[in-house]
>>> print(open('entry-v2.cif').read())   # mmCIF, C-alpha atoms
data_coords
#
loop_
_atom_site.label_atom_id
_atom_site.label_comp_id
_atom_site.auth_asym_id
_atom_site.auth_seq_id
_atom_site.Cartn_x
_atom_site.Cartn_y
_atom_site.Cartn_z
CA MET P 1 18.20 24.56 -28.58
CA PHE P 2 17.40 28.18 -28.39
CA ARG P 3 17.04 30.23 -31.53
CA VAL P 4 16.58 33.95 -31.74
CA PRO P 5 13.08 34.64 -33.02
CA GLY P 6 13.06 35.71 -36.63
CA HIS P 7 10.38 38.31 -35.96
CA ARG P 8 12.91 40.45 -34.15
CA LEU P 9 14.03 42.30 -37.24
CA SER P 10 10.60 42.66 -38.83
CA SER P 11 9.30 44.30 -35.66
CA GLU P 12 12.23 46.65 -35.49
CA THR P 13 11.90 47.78 -39.09
CA GLU P 14 8.11 48.23 -39.04
CA PRO P 15 7.66 52.02 -39.16
CA ASP P 16 4.31 52.16 -37.32
CA PRO P 17 4.90 51.71 -33.56
CA ALA P 18 1.50 50.10 -32.91
CA ALA P 19 1.92 47.68 -35.82
CA ALA P 20 5.44 46.84 -34.64
CA LEU P 21 4.13 46.01 -31.18
CA GLU P 22 1.33 43.90 -32.63
CA ARG P 23 3.74 42.03 -34.88
CA LEU P 24 6.16 41.42 -32.03
CA LEU P 25 3.52 40.02 -29.69
CA SER P 26 1.81 37.94 -32.36
CA ALA P 27 5.11 36.33 -33.38
CA ALA P 28 6.26 35.85 -29.78
CA LEU P 29 3.02 34.10 -28.89
CA GLU P 30 3.18 31.89 -31.96
CA LEU P 31 6.78 30.97 -31.24
CA GLN P 32 6.12 30.19 -27.59
CA LEU P 33 3.16 28.01 -28.54
CA GLU P 34 5.34 26.13 -31.03
CA GLU P 35 8.21 25.59 -28.62
CA SER P 36 6.78 24.53 -25.32
CA GLY P 37 10.04 24.81 -23.41
CA LEU P 38 10.67 28.39 -24.44
CA GLN P 39 8.65 30.05 -21.69
CA SER P 40 10.74 28.53 -18.91
CA VAL P 41 13.97 29.44 -20.72
CA LEU P 42 12.80 33.03 -21.14
CA LEU P 43 11.80 33.32 -17.49
CA SER P 44 14.77 31.53 -15.96
CA ASN P 45 17.46 33.54 -14.24
CA GLN P 46 19.98 30.78 -14.74
CA ASP P 47 20.99 30.48 -18.37
CA GLU P 48 22.61 27.28 -19.51
CA THR P 49 25.10 28.81 -21.91
CA ASP P 50 26.51 32.16 -22.92
CA GLU P 51 24.70 31.74 -26.22
CA VAL P 52 21.32 31.51 -24.47
CA ARG P 53 22.16 34.46 -22.24
CA GLU P 54 23.12 36.55 -25.27
CA ALA P 55 19.98 35.52 -27.20
CA LYS P 56 17.77 36.50 -24.27
CA ARG P 57 19.55 39.81 -23.91
CA GLU P 58 18.92 40.52 -27.60
CA ILE P 59 15.25 39.63 -27.27
CA LEU P 60 14.79 41.85 -24.23
CA THR P 61 16.55 44.72 -26.01
CA THR P 62 14.22 44.32 -28.97
CA TRP P 63 11.14 44.31 -26.76
CA GLN P 64 12.39 47.39 -24.95
CA GLY P 65 12.99 49.19 -28.25
CA VAL P 66 9.56 48.35 -29.67
CA LEU P 67 7.92 49.29 -26.36
CA ALA P 68 9.82 52.57 -26.12
CA ARG P 69 8.57 53.61 -29.55
CA ALA P 70 5.03 52.57 -28.64
CA ARG P 71 5.17 54.52 -25.42
CA GLU P 72 6.57 57.65 -27.07
CA THR P 73 3.67 57.68 -29.49
CA GLY P 74 1.14 57.00 -26.75
CA VAL P 75 -0.08 53.63 -28.01
CA VAL P 76 0.76 51.58 -24.92
CA ARG P 77 0.02 51.94 -21.20
CA ALA P 78 2.85 53.62 -19.31
CA ASP P 79 2.90 50.84 -16.70
CA ILE P 80 3.79 48.12 -19.23
CA ASP P 81 7.53 47.47 -19.32
CA ALA P 82 9.28 44.69 -21.22
CA PRO P 83 9.50 42.10 -18.40
CA ARG P 84 5.85 42.66 -17.47
CA LEU P 85 4.84 42.35 -21.10
CA GLN P 86 6.78 39.09 -21.37
CA ARG P 87 4.89 37.77 -18.35
CA LEU P 88 1.62 38.83 -19.99
CA VAL P 89 2.51 36.93 -23.16
CA CYS P 90 3.37 33.90 -21.00
CA GLY P 91 -0.09 34.21 -19.44
CA VAL P 92 -1.74 34.36 -22.85
CA GLU P 93 0.30 31.34 -23.92
CA HIS P 94 -0.97 29.50 -20.85
CA ALA P 95 -4.58 30.46 -21.63
CA ALA P 96 -4.15 29.47 -25.27
CA ARG P 97 -2.95 26.00 -24.29
CA LEU P 98 -6.10 25.47 -22.23
CA GLY P 99 -8.55 25.98 -25.09
CA PRO P 100 -9.25 25.26 -28.73
CA ARG P 101 -7.08 26.67 -31.47
CA ASP P 102 -9.58 29.33 -32.50
CA ASP P 103 -9.12 30.96 -29.09
CA ARG P 104 -5.73 32.25 -30.10
CA ASP P 105 -6.75 35.19 -32.25
CA VAL P 106 -9.22 36.35 -29.62
CA LEU P 107 -6.68 36.04 -26.81
CA LEU P 108 -4.12 38.01 -28.79
CA ALA P 109 -6.72 40.66 -29.62
CA VAL P 110 -7.64 40.95 -25.93
CA LEU P 111 -3.97 41.37 -25.01
CA LEU P 112 -3.36 43.99 -27.69
CA ARG P 113 -6.46 45.92 -26.74
CA GLY P 114 -5.69 45.56 -23.05
CA ILE P 115 -2.24 47.13 -23.19
CA ARG P 116 -3.29 50.08 -25.32
CA ALA P 117 -2.98 53.46 -23.61
CA MET M 1 -12.01 21.35 -0.35
CA PHE M 2 -13.88 23.38 -2.84
CA ARG M 3 -15.92 26.34 -1.69
CA VAL M 4 -18.25 28.43 -3.80
CA PRO M 5 -16.72 31.89 -4.17
CA GLY M 6 -18.44 34.46 -1.98
CA HIS M 7 -18.27 37.08 -4.74
CA ARG M 8 -20.92 35.22 -6.66
CA LEU M 9 -23.81 37.05 -5.03
CA SER M 10 -22.17 40.46 -4.93
CA SER M 11 -21.55 40.28 -8.68
CA GLU M 12 -25.10 39.21 -9.35
CA THR M 13 -26.64 41.99 -7.29
CA GLU M 14 -24.38 44.76 -8.64
CA PRO M 15 -26.71 46.85 -10.84
CA ASP M 16 -24.06 48.15 -13.25
CA PRO M 17 -23.10 45.40 -15.74
CA ALA M 18 -19.52 46.65 -16.25
CA ALA M 19 -18.94 46.95 -12.50
CA ALA M 20 -20.41 43.47 -11.98
CA LEU M 21 -18.01 42.03 -14.54
CA GLU M 22 -15.07 43.86 -12.99
CA ARG M 23 -16.00 42.66 -9.51
CA LEU M 24 -16.43 39.09 -10.70
CA LEU M 25 -13.05 38.95 -12.42
CA SER M 26 -11.20 40.72 -9.63
CA ALA M 27 -12.60 38.31 -7.03
CA ALA M 28 -12.06 35.25 -9.23
CA LEU M 29 -8.42 36.19 -9.81
CA GLU M 30 -7.84 36.86 -6.12
CA LEU M 31 -9.44 33.56 -5.16
CA GLN M 32 -7.44 31.58 -7.73
CA LEU M 33 -4.22 33.20 -6.54
CA GLU M 34 -5.07 32.30 -2.95
CA GLU M 35 -5.96 28.71 -3.70
CA SER M 36 -3.37 27.33 -6.03
CA GLY M 37 -5.22 24.10 -6.79
CA LEU M 38 -8.39 25.86 -7.87
CA GLN M 39 -7.42 26.40 -11.51
CA SER M 40 -7.02 22.69 -12.19
CA VAL M 41 -10.31 21.91 -10.45
CA LEU M 42 -12.11 24.55 -12.50
CA LEU M 43 -10.64 23.27 -15.76
CA SER M 44 -10.98 19.56 -15.10
CA ASN M 45 -13.70 17.62 -16.85
CA GLN M 46 -13.63 14.94 -14.19
CA ASP M 47 -15.09 16.19 -10.93
CA GLU M 48 -14.28 14.30 -7.76
CA THR M 49 -17.67 14.63 -6.10
CA ASP M 50 -21.22 15.73 -6.86
CA GLU M 51 -20.60 18.67 -4.55
CA VAL M 52 -17.71 19.90 -6.70
CA ARG M 53 -19.70 19.35 -9.88
CA GLU M 54 -22.59 21.36 -8.48
CA ALA M 55 -20.32 24.17 -7.25
CA LYS M 56 -18.70 24.46 -10.68
CA ARG M 57 -22.09 24.49 -12.38
CA GLU M 58 -23.16 27.34 -10.10
CA ILE M 59 -20.00 29.30 -10.85
CA LEU M 60 -20.40 28.87 -14.60
CA THR M 61 -24.05 29.93 -14.39
CA THR M 62 -23.02 33.06 -12.51
CA TRP M 63 -20.34 33.91 -15.06
CA GLN M 64 -22.81 33.40 -17.89
CA GLY M 65 -25.34 35.66 -16.19
CA VAL M 66 -22.86 38.46 -15.57
CA LEU M 67 -21.50 38.13 -19.10
CA ALA M 68 -24.98 38.13 -20.65
CA ARG M 69 -25.80 41.42 -18.93
CA ALA M 70 -22.47 42.89 -19.99
CA ARG M 71 -23.04 41.81 -23.57
CA GLU M 72 -26.58 43.17 -23.71
CA THR M 73 -25.32 46.57 -22.63
CA GLY M 74 -22.40 46.45 -25.05
CA VAL M 75 -19.60 46.51 -22.50
CA VAL M 76 -17.90 43.26 -23.49
CA ARG M 77 -16.63 41.80 -26.78
CA ALA M 78 -19.15 39.49 -28.42
CA ASP M 79 -16.56 36.73 -28.83
CA ILE M 80 -15.96 36.36 -25.08
CA ASP M 81 -18.05 33.55 -23.61
CA ALA M 82 -17.82 32.19 -20.07
CA PRO M 83 -15.41 29.29 -20.71
CA ARG M 84 -13.11 31.51 -22.76
CA LEU M 85 -13.19 34.15 -20.04
CA GLN M 86 -12.33 31.51 -17.44
CA ARG M 87 -9.34 30.51 -19.54
CA LEU M 88 -8.30 34.16 -19.78
CA VAL M 89 -8.46 34.52 -15.99
CA CYS M 90 -6.35 31.36 -15.70
CA GLY M 91 -3.82 32.98 -18.04
CA VAL M 92 -3.75 36.14 -15.94
CA GLU M 93 -3.35 34.01 -12.82
CA HIS M 94 -0.38 32.31 -14.48
CA ALA M 95 1.17 35.68 -15.41
CA ALA M 96 0.56 37.03 -11.91
CA ARG M 97 2.43 34.10 -10.36
CA LEU M 98 5.48 34.86 -12.51
CA GLY M 99 5.98 38.41 -11.26
CA PRO M 100 5.95 40.66 -8.23
CA ARG M 101 2.77 41.34 -6.31
CA ASP M 102 2.33 44.83 -7.73
CA ASP M 103 1.84 43.29 -11.17
CA ARG M 104 -1.60 42.10 -10.20
CA ASP M 105 -3.54 45.34 -10.49
CA VAL M 106 -1.96 46.06 -13.87
CA LEU M 107 -2.69 42.56 -15.18
CA LEU M 108 -6.31 42.79 -14.07
CA ALA M 109 -6.62 46.24 -15.65
CA VAL M 110 -5.20 44.89 -18.93
CA LEU M 111 -7.69 42.01 -18.88
CA LEU M 112 -10.66 44.29 -18.13
CA ARG M 113 -9.63 46.75 -20.82
CA GLY M 114 -8.91 43.95 -23.27
CA ILE M 115 -12.34 42.35 -23.10
CA ARG M 116 -14.25 45.61 -23.42
CA ALA M 117 -16.33 45.91 -26.57
#
>>> encode(input="entry-v2.cif", output="structure tokens")
Amino acid sequence: MFRVPGHRLSSETEPDPAAALERLLSAALELQLEESGLQSVLLSNQDETDEVREAKREILTTWQGVLARARETGVVRADIDAPRLQRLVCGVEHAARLGPRDDRDVLLAVLLRGIRA
Amino acid sequence: MFRVPGHRLSSETEPDPAAALERLLSAALELQLEESGLQSVLLSNQDETDEVREAKREILTTWQGVLARARETGVVRADIDAPRLQRLVCGVEHAARLGPRDDRDVLLAVLLRGIRA
């Protein structure tokens, strides 16, 4: 089943926009690595149930909110929107699955550095 | 069949270490996106033929050379080695396949920015 990530609220209440973005991406990556079917659910255009559709809508809204704050304060590239950022996290998840566990922190650091304005 | 990427030499002869790294990664990503089976060949530990094994050894040597120059001149993170960088490119390839074509330049830019020292 599909559960709404618990990091949603912590990212939204984090006052620093850059820290909120970092927390969001770190938790999203961790969650996707834990639940191997999540990526395809997130990316699918055909949701199985209304509950899944609603959960995905909430997630996207959260990402958009965190990104909007990051963009307003100039901490993220202007050409990174929420769907593109989700695809980037899916790419990092893919890379993380190819290597040893100690890759993960480096991959996340590369992503965070890479999307900075 | 497996062909040795033509960008190998151009990256090696490029005098500027950062430009060489950029050229290498741009060409590697383009090549992997063109040839969808390449990623699994690159990552496999079991090579079909001596020719493939030799081609992969050459590619890895090139990556190590370009990375060594980039590291010496301080343009790349110290924790990025050639296998990790290959996994990162595989992750970007994965992300690129999930989205529209105009994602590609942004994804490559994020990768290049992300691995900078």
>>> closest_residue(input="entry-v2.cif", among="P:Val76, P:Val66, P:Ala117, P:Leu88", to="Pro15 (chain P)", atoms="only C-alpha atoms")
P:Val66
>>> resolve_selection(input="entry-v2.cif", expression="the PyMOL selection byres ((chain P) within 12 of (chain M))", output="MDAnalysis selection string")
chainID P and resid 39:40 42:44 76:81 83:117
>>> atom_distance(input="entry-v2.cif", atom1="CA of Gly37 (chain P)", atom2="CA of Leu33 (chain M)")
23.6 Å
>>> atom_distance(input="entry-v2.cif", atom1="CA of Ile59 (chain M)", atom2="CA of Glu12 (chain M)")
11.2 Å
>>> atom_distance(input="entry-v2.cif", atom1="CA of Asp16 (chain P)", atom2="CA of Thr73 (chain P)")
9.6 Å
>>> build_atoms(input="entry-v2.cif", residues="region 56-70 of chain P", atoms="N, CA, C and O atoms", output="compact mmCIF listing (two decimals), keeping the file's coordinate frame")
# COMPACT_ATOMS: atom_id res chain seq x y z
N LYS P 56 18.81 35.89 -25.12
CA LYS P 56 17.77 36.50 -24.27
C LYS P 56 17.99 38.00 -24.12
O LYS P 56 17.04 38.78 -24.08
N ARG P 57 19.25 38.39 -24.03
CA ARG P 57 19.55 39.81 -23.91
C ARG P 57 19.10 40.55 -25.18
O ARG P 57 18.51 41.63 -25.12
N GLU P 58 19.34 39.91 -26.33
CA GLU P 58 18.92 40.52 -27.60
C GLU P 58 17.41 40.66 -27.68
O GLU P 58 16.88 41.66 -28.15
N ILE P 59 16.71 39.60 -27.24
CA ILE P 59 15.25 39.63 -27.27
C ILE P 59 14.71 40.75 -26.38
O ILE P 59 13.87 41.55 -26.79
N LEU P 60 15.26 40.83 -25.16
CA LEU P 60 14.79 41.85 -24.23
C LEU P 60 15.06 43.25 -24.78
O LEU P 60 14.20 44.14 -24.69
N THR P 61 16.22 43.43 -25.41
CA THR P 61 16.55 44.72 -26.01
C THR P 61 15.56 45.08 -27.11
O THR P 61 15.11 46.23 -27.23
N THR P 62 15.20 44.08 -27.91
CA THR P 62 14.22 44.32 -28.97
C THR P 62 12.87 44.73 -28.37
O THR P 62 12.26 45.72 -28.82
N TRP P 63 12.42 43.99 -27.40
CA TRP P 63 11.14 44.31 -26.76
C TRP P 63 11.17 45.73 -26.19
O TRP P 63 10.21 46.48 -26.34
N GLN P 64 12.29 46.06 -25.54
CA GLN P 64 12.39 47.39 -24.95
C GLN P 64 12.34 48.48 -26.02
O GLN P 64 11.71 49.51 -25.84
N GLY P 65 12.99 48.21 -27.16
CA GLY P 65 12.99 49.19 -28.25
C GLY P 65 11.60 49.38 -28.84
O GLY P 65 11.13 50.51 -29.04
N VAL P 66 10.91 48.28 -29.10
CA VAL P 66 9.56 48.35 -29.67
C VAL P 66 8.61 49.03 -28.68
O VAL P 66 7.79 49.89 -29.04
N LEU P 67 8.76 48.68 -27.39
CA LEU P 67 7.92 49.29 -26.36
C LEU P 67 8.20 50.78 -26.20
O LEU P 67 7.26 51.58 -26.03
N ALA P 68 9.46 51.16 -26.28
CA ALA P 68 9.82 52.57 -26.12
C ALA P 68 9.17 53.40 -27.22
O ALA P 68 8.60 54.47 -26.95
N ARG P 69 9.22 52.88 -28.43
CA ARG P 69 8.57 53.61 -29.55
C ARG P 69 7.06 53.69 -29.34
O ARG P 69 6.43 54.71 -29.60
N ALA P 70 6.48 52.59 -28.87
CA ALA P 70 5.03 52.57 -28.64
C ALA P 70 4.65 53.55 -27.54
O ALA P 70 3.61 54.22 -27.62
